[in-house]
file data_37.pdb (PDB, C-alpha atoms)
ATOM      1  CA  MET E   1     -40.584  31.579 -17.785
ATOM      2  CA  LYS E   2     -37.263  31.156 -15.989
ATOM      3  CA  ILE E   3     -36.323  27.785 -14.488
ATOM      4  CA  ASP E   4     -35.200  28.138 -10.862
ATOM      5  CA  SER E   5     -31.568  27.151 -10.256
ATOM      6  CA  THR E   6     -28.397  28.121  -8.425
ATOM      7  CA  TYR E   7     -26.796  28.032 -11.871
ATOM      8  CA  THR E   8     -27.004  31.231 -13.905
ATOM      9  CA  GLU E   9     -27.539  31.562 -17.655
ATOM     10  CA  LYS E  10     -23.754  31.479 -18.215
ATOM     11  CA  PHE E  11     -23.765  27.877 -16.962
ATOM     12  CA  GLY E  12     -26.629  27.053 -19.313
ATOM     13  CA  ASP E  13     -24.672  28.480 -22.231
ATOM     14  CA  ILE E  14     -21.644  26.345 -21.342
ATOM     15  CA  LEU E  15     -23.736  23.165 -21.099
ATOM     16  CA  TYR E  16     -25.359  23.942 -24.443
ATOM     17  CA  LYS E  17     -21.995  24.578 -26.134
ATOM     18  CA  LYS E  18     -20.469  21.391 -24.670
ATOM     19  CA  VAL E  19     -23.238  19.333 -26.284
ATOM     20  CA  LEU E  20     -22.621  21.027 -29.632
ATOM     21  CA  GLN E  21     -18.859  20.512 -29.210
ATOM     22  CA  TYR E  22     -18.971  16.791 -28.324
ATOM     23  CA  LYS E  23     -22.097  15.815 -30.303
ATOM     24  CA  PRO E  24     -23.146  13.025 -27.926
ATOM     25  CA  LYS E  25     -25.975  10.688 -28.936
ATOM     26  CA  VAL E  26     -27.034  10.003 -25.353
ATOM     27  CA  ILE E  27     -26.752  12.625 -22.615
ATOM     28  CA  CYS E  28     -27.446  11.870 -18.965
ATOM     29  CA  ASP E  29     -28.354  14.655 -16.551
ATOM     30  CA  ILE E  30     -28.212  13.509 -12.934
ATOM     31  CA  GLY E  31     -29.782  15.643 -10.226
ATOM     32  CA  VAL E  32     -32.167  17.715 -12.327
ATOM     33  CA  LEU E  33     -34.158  19.606  -9.657
ATOM     34  CA  HIS E  34     -36.455  21.962 -11.647
ATOM     35  CA  GLY E  35     -34.716  21.222 -14.963
ATOM     36  CA  PHE E  36     -32.389  24.162 -15.610
ATOM     37  CA  SER E  37     -29.438  22.048 -16.763
ATOM     38  CA  THR E  38     -31.703  19.500 -18.472
ATOM     39  CA  TYR E  39     -33.319  22.275 -20.487
ATOM     40  CA  HIS E  40     -29.987  23.591 -21.768
ATOM     41  CA  LEU E  41     -28.685  20.103 -22.533
ATOM     42  CA  ALA E  42     -31.972  19.186 -24.245
ATOM     43  CA  ARG E  43     -32.182  22.271 -26.445
ATOM     44  CA  ALA E  44     -28.729  21.394 -27.828
ATOM     45  CA  ALA E  45     -29.658  17.707 -28.053
ATOM     46  CA  LYS E  46     -32.722  18.658 -30.075
ATOM     47  CA  LYS E  47     -30.520  20.612 -32.473
ATOM     48  CA  ILE E  48     -28.185  17.652 -33.146
ATOM     49  CA  GLY E  49     -30.704  14.787 -32.917
ATOM     50  CA  SER E  50     -29.700  13.419 -29.509
ATOM     51  CA  LYS E  51     -31.627  12.554 -26.370
ATOM     52  CA  VAL E  52     -31.304  13.392 -22.674
ATOM     53  CA  ILE E  53     -31.963  10.960 -19.850
ATOM     54  CA  ALA E  54     -32.916  12.949 -16.741
ATOM     55  CA  VAL E  55     -32.256  10.973 -13.539
ATOM     56  CA  ASP E  56     -33.420  12.233 -10.152
ATOM     57  CA  LEU E  57     -35.063  11.051  -6.949
ATOM     58  CA  PHE E  58     -37.514  13.961  -7.167
ATOM     59  CA  GLU E  59     -39.989  13.701  -4.255
ATOM     60  CA  ASP E  60     -38.003  10.864  -2.678
ATOM     61  CA  TYR E  61     -35.016  13.143  -1.997
ATOM     62  CA  PRO E  62     -35.250  14.417   1.595
ATOM     63  CA  PHE E  63     -33.636  17.792   0.906
ATOM     64  CA  ASN E  64     -34.214  20.429  -1.799
ATOM     65  CA  HIS E  65     -36.191  18.768  -4.588
ATOM     66  CA  ALA E  66     -38.821  19.275  -7.267
ATOM     67  CA  THR E  67     -41.693  16.991  -8.177
ATOM     68  CA  VAL E  68     -41.661  14.876 -11.317
ATOM     69  CA  ASP E  69     -44.784  16.717 -12.500
ATOM     70  CA  ASP E  70     -43.196  20.155 -12.042
ATOM     71  CA  PHE E  71     -40.066  19.020 -13.871
ATOM     72  CA  VAL E  72     -42.067  17.582 -16.780
ATOM     73  CA  ASP E  73     -44.209  20.733 -16.955
ATOM     74  CA  ASN E  74     -41.054  22.880 -17.144
ATOM     75  CA  MET E  75     -39.667  20.764 -19.974
ATOM     76  CA  LYS E  76     -42.962  20.853 -21.879
ATOM     77  CA  THR E  77     -43.270  24.623 -21.383
ATOM     78  CA  HIS E  78     -39.788  25.065 -22.860
ATOM     79  CA  ASP E  79     -40.545  22.690 -25.764
ATOM     80  CA  VAL E  80     -37.784  20.156 -25.084
ATOM     81  CA  TYR E  81     -39.709  17.287 -23.468
ATOM     82  CA  ASP E  82     -39.779  15.341 -26.743
ATOM     83  CA  VAL E  83     -36.027  14.585 -26.418
ATOM     84  CA  ILE E  84     -36.099  13.740 -22.693
ATOM     85  CA  GLU E  85     -36.543  10.427 -20.912
ATOM     86  CA  VAL E  86     -37.308  10.821 -17.196
ATOM     87  CA  VAL E  87     -36.004   8.272 -14.678
ATOM     88  CA  LYS E  88     -37.087   8.550 -11.037
ATOM     89  CA  MET E  89     -34.391   6.535  -9.303
ATOM     90  CA  ASP E  90     -31.122   6.805  -7.416
ATOM     91  CA  TYR E  91     -28.501   7.327 -10.111
ATOM     92  CA  GLN E  92     -26.118   4.694  -8.739
ATOM     93  CA  GLN E  93     -28.883   2.087  -8.662
ATOM     94  CA  TRP E  94     -29.942   3.120 -12.162
ATOM     95  CA  PHE E  95     -26.420   2.751 -13.562
ATOM     96  CA  LEU E  96     -25.966  -0.633 -11.893
ATOM     97  CA  SER E  97     -29.358  -2.001 -12.953
ATOM     98  CA  GLN E  98     -29.625  -0.541 -16.475
ATOM     99  CA  ARG E  99     -25.950  -0.388 -17.474
ATOM    100  CA  PRO E 100     -26.621   2.545 -19.831
ATOM    101  CA  LYS E 101     -24.129   3.698 -22.414
ATOM    102  CA  VAL E 102     -23.995   7.486 -22.285
ATOM    103  CA  ASP E 103     -21.731   9.830 -24.209
ATOM    104  CA  LEU E 104     -21.996  12.920 -22.017
ATOM    105  CA  LEU E 105     -22.939  13.101 -18.367
ATOM    106  CA  HIS E 106     -23.752  16.066 -16.134
ATOM    107  CA  LEU E 107     -23.837  15.471 -12.373
ATOM    108  CA  ASP E 108     -25.396  17.977  -9.992
ATOM    109  CA  ALA E 109     -26.756  15.876  -7.122
ATOM    110  CA  SER E 110     -25.540  17.517  -3.911
ATOM    111  CA  ASN E 111     -22.053  16.742  -5.169
ATOM    112  CA  THR E 112     -19.333  15.700  -2.763
ATOM    113  CA  GLY E 113     -16.023  13.986  -3.355
ATOM    114  CA  GLU E 114     -17.667  10.760  -2.263
ATOM    115  CA  ASN E 115     -20.532  10.768  -4.747
ATOM    116  CA  LEU E 116     -18.239  11.705  -7.639
ATOM    117  CA  ILE E 117     -16.078   8.661  -6.876
ATOM    118  CA  LYS E 118     -19.203   6.487  -6.597
ATOM    119  CA  LEU E 119     -20.273   7.729 -10.020
ATOM    120  CA  MET E 120     -16.873   6.955 -11.528
ATOM    121  CA  ASN E 121     -17.189   3.409 -10.168
ATOM    122  CA  VAL E 122     -20.514   2.691 -11.903
ATOM    123  CA  ILE E 123     -20.291   4.367 -15.313
ATOM    124  CA  ILE E 124     -19.662   2.323 -18.432
ATOM    125  CA  GLY E 125     -17.381   3.463 -21.204
ATOM    126  CA  ASP E 126     -15.688   6.815 -21.368
ATOM    127  CA  PRO E 127     -18.324   9.555 -21.418
ATOM    128  CA  LYS E 128     -17.456  13.212 -21.179
ATOM    129  CA  ILE E 129     -18.255  14.155 -17.570
ATOM    130  CA  LEU E 130     -19.335  17.599 -16.422
ATOM    131  CA  PHE E 131     -20.086  18.202 -12.770
ATOM    132  CA  GLU E 132     -21.087  20.922 -10.366
ATOM    133  CA  GLY E 133     -18.192  21.644  -8.006
ATOM    134  CA  GLY E 134     -14.419  21.659  -8.184
ATOM    135  CA  THR E 135     -13.275  24.863  -6.497
ATOM    136  CA  LYS E 136     -12.150  25.655  -2.962
ATOM    137  CA  ASN E 137     -15.092  28.031  -2.498
ATOM    138  CA  ARG E 138     -17.542  25.318  -3.554
ATOM    139  CA  ASP E 139     -15.837  22.718  -1.319
ATOM    140  CA  ASN E 140     -16.435  25.044   1.627
ATOM    141  CA  VAL E 141     -20.121  25.884   1.176
ATOM    142  CA  ASP E 142     -22.206  25.789   4.351
ATOM    143  CA  TRP E 143     -23.779  22.345   3.936
ATOM    144  CA  MET E 144     -20.476  20.650   3.008
ATOM    145  CA  ILE E 145     -18.979  21.914   6.278
ATOM    146  CA  GLU E 146     -22.086  21.353   8.418
ATOM    147  CA  TYR E 147     -22.416  17.706   7.338
ATOM    148  CA  ASP E 148     -18.637  17.110   7.123
ATOM    149  CA  LYS E 149     -18.807  15.969   3.494
ATOM    150  CA  PRO E 150     -15.659  14.854   1.630
ATOM    151  CA  LYS E 151     -14.262  17.719  -0.413
ATOM    152  CA  ILE E 152     -14.368  17.302  -4.184
ATOM    153  CA  ILE E 153     -10.882  18.615  -4.984
ATOM    154  CA  GLU E 154      -9.081  16.555  -2.354
ATOM    155  CA  THR E 155     -11.040  13.349  -3.034
ATOM    156  CA  LEU E 156     -10.574  13.478  -6.808
ATOM    157  CA  GLN E 157      -6.857  14.276  -6.506
ATOM    158  CA  GLU E 158      -6.313  11.432  -4.009
ATOM    159  CA  SER E 159      -8.117   9.062  -6.385
ATOM    160  CA  GLY E 160      -6.025  10.138  -9.385
ATOM    161  CA  TYR E 161      -8.813  11.928 -11.286
ATOM    162  CA  LYS E 162      -8.031  15.145 -13.104
ATOM    163  CA  PHE E 163     -10.497  17.876 -13.922
ATOM    164  CA  LYS E 164     -10.640  21.479 -15.032
ATOM    165  CA  VAL E 165     -12.944  24.223 -13.826
ATOM    166  CA  LEU E 166     -14.968  25.679 -16.690
ATOM    167  CA  TYR E 167     -16.735  28.469 -14.809
ATOM    168  CA  GLU E 168     -17.323  29.719 -11.264
ATOM    169  CA  GLU E 169     -19.542  32.351  -9.697
ATOM    170  CA  LYS E 170     -20.200  33.661  -6.215
ATOM    171  CA  TYR E 171     -23.356  35.500  -5.237
ATOM    172  CA  GLU E 172     -25.788  36.144  -2.383
ATOM    173  CA  LYS E 173     -29.436  35.091  -2.547
ATOM    174  CA  ASN E 174     -31.976  35.082   0.278
ATOM    175  CA  GLY E 175     -29.235  35.722   2.852
ATOM    176  CA  ARG E 176     -27.128  32.780   1.701
ATOM    177  CA  THR E 177     -23.847  32.682  -0.236
ATOM    178  CA  TYR E 178     -23.768  30.496  -3.350
ATOM    179  CA  ASN E 179     -20.615  29.304  -5.107
ATOM    180  CA  PRO E 180     -21.790  27.297  -8.105
ATOM    181  CA  CYS E 181     -19.126  26.114 -10.485
ATOM    182  CA  LEU E 182     -18.988  23.759 -13.429
ATOM    183  CA  SER E 183     -16.053  21.443 -14.012
ATOM    184  CA  GLU E 184     -15.094  18.763 -16.510
ATOM    185  CA  MET E 185     -13.151  15.552 -16.011
ATOM    186  CA  VAL E 186     -10.072  15.453 -18.256
TER     187      VAL E 186
END

call {"tool": "encode", "arguments": {"input": "data_37.pdb", "output": "structure tokens"}}
result
Amino acid sequence: MKIDSTYTEKFGDILYKKVLQYKPKVICDIGVLHGFSTYHLARAAKKIGSKVIAVDLFEDYPFNHATVDDFVDNMKTHDVYDVIEVVKMDYQQWFLSQRPKVDLLHLDASNTGENLIKLMNVIIGDPKILFEGGTKNRDNVDWMIEYDKPKIIETLQESGYKFKVLYEEKYEKNGRTYNPCLSEMV
């Protein structure tokens, strides 16, 4: 069974390899949708004895979302649920209320320049940070323009944050152009 995502398997392979490279004890996946990225992070976490905290609003998110039950079923079907803790909460509220120490973080929550800066303002320590976005094509996807969202590249550069793009794709699906990319803060 394939987990629905705008990411392709190449992205999953990169996430998996990053976990093996950094060997984090605690991984946080923010914006999990159906669980594609969580699955790839969790299968590597399982291999090295780590855990993944999956944070999402699920049904409370007014746009594209999955249910908690569907997410959990996907993780159980793929035999990684035993290393996952599920948190149904706004990630900024969760960071501020729980003050978690994480070693690796993946953010894919309708990313804009604004929510990346908000994340940087609430994290504790110095985790490795991977995020969806970071290219000009991704900054100009339809919903970023329609809702006049702050561009990721410009916002991070103005705030003094540096990042590198790990992978980018462009494809058409259901009459819509997708430009997923995965970047890492440096």

call {"tool": "resolve_selection", "arguments": {"input": "data_37.pdb", "expression": "the PyMOL selection byres ((chain E and resi 37) around 12)", "output": "JSON, numbers by chain"}}
result
{"E": [3, 4, 5, 6, 7, 8, 9, 10, 11, 12, 13, 14, 15, 16, 18, 19, 27, 28, 29, 30, 31, 32, 33, 34, 35, 36, 38, 39, 40, 41, 42, 43, 44, 52, 53, 54, 55, 71, 74, 75, 80, 105, 106, 107, 108, 109, 130, 131, 132, 182]}

call {"tool": "atom_distance", "arguments": {"input": "data_37.pdb", "atom1": "CA of Pro150 (chain E)", "atom2": "CA of Trp94 (chain E)"}}
result
23.1 Å

call {"tool": "closest_residue", "arguments": {"input": "data_37.pdb", "among": "E:Tyr178, E:Phe95, E:Phe58, E:Tyr161", "to": "Trp143 (chain E)", "atoms": "all atoms listed in the file"}}
result
E:Tyr178

call {"tool": "atom_distance", "arguments": {"input": "data_37.pdb", "atom1": "CA of Ile124 (chain E)", "atom2": "CA of Ile84 (chain E)"}}
result
20.5 Å

call {"tool": "atom_distance", "arguments": {"input": "data_37.pdb", "atom1": "CA of Lys128 (chain E)", "atom2": "CA of Ala45 (chain E)"}}
result
14.7 Å

call {"tool": "closest_residue", "arguments": {"input": "data_37.pdb", "among": "E:Thr135, E:Pro24, E:Pro180, E:Lys149", "to": "Lys164 (chain E)", "atoms": "only C-alpha atoms"}}
result
E:Thr135

call {"tool": "closest_residue", "arguments": {"input": "data_37.pdb", "among": "E:Leu104, E:Met185, E:Val72, E:Met144", "to": "Pro127 (chain E)", "atoms": "all atoms listed in the file"}}
result
E:Leu104

call {"tool": "residues_around", "arguments": {"input": "data_37.pdb", "residues": "Asp82 (chain E)", "least_positions_apart": "3", "cutoff": "9 Å", "atoms": "only C-alpha atoms", "output": "list in words"}}
result
Lys46, Lys51, Met75, Lys76, Asp79 and Glu85 of chain E

call {"tool": "closest_residue", "arguments": {"input": "data_37.pdb", "among": "E:Thr177, E:Met120, E:His65, E:Glu172", "to": "Asn140 (chain E)", "atoms": "all atoms listed in the file"}}
result
E:Thr177

call {"tool": "residues_near_point", "arguments": {"input": "data_37.pdb", "point": "(-17.4, 3.3, -9.0)", "cutoff": "12 Å", "atoms": "all atoms listed in the file", "output": "list in words"}}
result
Tyr91, Gln92, Gln93, Phe95, Leu96, Glu114, Asn115, Leu116, Ile117, Lys118, Leu119, Met120, Asn121, Val122, Ile123, Ile124 and Ser159 of chain E

call {"tool": "closest_residue", "arguments": {"input": "data_37.pdb", "among": "E:Asp73, E:Asn64, E:Lys47, E:Asp126", "to": "Lys101 (chain E)", "atoms": "all atoms listed in the file"}}
result
E:Asp126

call {"tool": "closest_residue", "arguments": {"input": "data_37.pdb", "among": "E:Ile48, E:Met89, E:Lys136, E:Val165", "to": "Val68 (chain E)", "atoms": "all atoms listed in the file"}}
result
E:Met89

call {"tool": "axis_aligned_box", "arguments": {"input": "data_37.pdb", "around": "region 83-96 of chain E", "padding_each_side": "4 Å", "output": "JSON"}}
result
{"center_x": -31.6, "center_y": 7.0, "center_z": -16.9, "size_x": 19.3, "size_y": 23.2, "size_z": 27.0}

call {"tool": "resolve_selection", "arguments": {"input": "data_37.pdb", "expression": "the PyMOL selection byres ((chain E and resi 151) around 7)", "output": "PyMOL selection string"}}
result
chain E and resi 112-113+139+149-150+152-155

call {"tool": "build_atoms", "arguments": {"input": "data_37.pdb", "residues": "region 160-171 of chain E", "atoms": "N, CA, C and O atoms", "output": "compact mmCIF listing (two decimals), in the coordinates of the input"}}
result
# COMPACT_ATOMS: atom_id res chain seq x y z
N GLY E 160 -6.71 10.08 -8.10
CA GLY E 160 -6.02 10.14 -9.38
C GLY E 160 -6.85 10.72 -10.52
O GLY E 160 -6.44 10.62 -11.68
N TYR E 161 -7.99 11.32 -10.23
CA TYR E 161 -8.81 11.93 -11.29
C TYR E 161 -8.41 13.38 -11.49
O TYR E 161 -8.16 14.11 -10.54
N LYS E 162 -8.37 13.77 -12.77
CA LYS E 162 -8.03 15.14 -13.10
C LYS E 162 -9.26 15.82 -13.69
O LYS E 162 -10.06 15.19 -14.37
N PHE E 163 -9.37 17.11 -13.41
CA PHE E 163 -10.50 17.88 -13.92
C PHE E 163 -10.07 19.32 -14.12
O PHE E 163 -9.03 19.75 -13.61
N LYS E 164 -10.88 20.04 -14.87
CA LYS E 164 -10.64 21.48 -15.03
C LYS E 164 -11.94 22.22 -14.74
O LYS E 164 -13.03 21.74 -15.04
N VAL E 165 -11.80 23.38 -14.13
CA VAL E 165 -12.94 24.22 -13.83
C VAL E 165 -13.27 25.02 -15.08
O VAL E 165 -12.39 25.67 -15.66
N LEU E 166 -14.53 24.95 -15.50
CA LEU E 166 -14.97 25.68 -16.69
C LEU E 166 -15.49 27.08 -16.34
O LEU E 166 -15.32 28.02 -17.12
N TYR E 167 -16.15 27.19 -15.19
CA TYR E 167 -16.74 28.47 -14.81
C TYR E 167 -17.10 28.44 -13.34
O TYR E 167 -17.51 27.40 -12.81
N GLU E 168 -16.96 29.60 -12.68
CA GLU E 168 -17.32 29.72 -11.26
C GLU E 168 -17.96 31.08 -11.02
O GLU E 168 -17.57 32.07 -11.63
N GLU E 169 -18.93 31.10 -10.12
CA GLU E 169 -19.54 32.35 -9.70
C GLU E 169 -19.68 32.35 -8.18
O GLU E 169 -19.62 31.29 -7.55
N LYS E 170 -19.89 33.53 -7.63
CA LYS E 170 -20.20 33.66 -6.22
C LYS E 170 -21.23 34.77 -6.10
O LYS E 170 -21.04 35.86 -6.66
N TYR E 171 -22.33 34.48 -5.41
CA TYR E 171 -23.36 35.50 -5.24
C TYR E 171 -24.18 35.21 -3.99
O TYR E 171 -24.15 34.11 -3.44
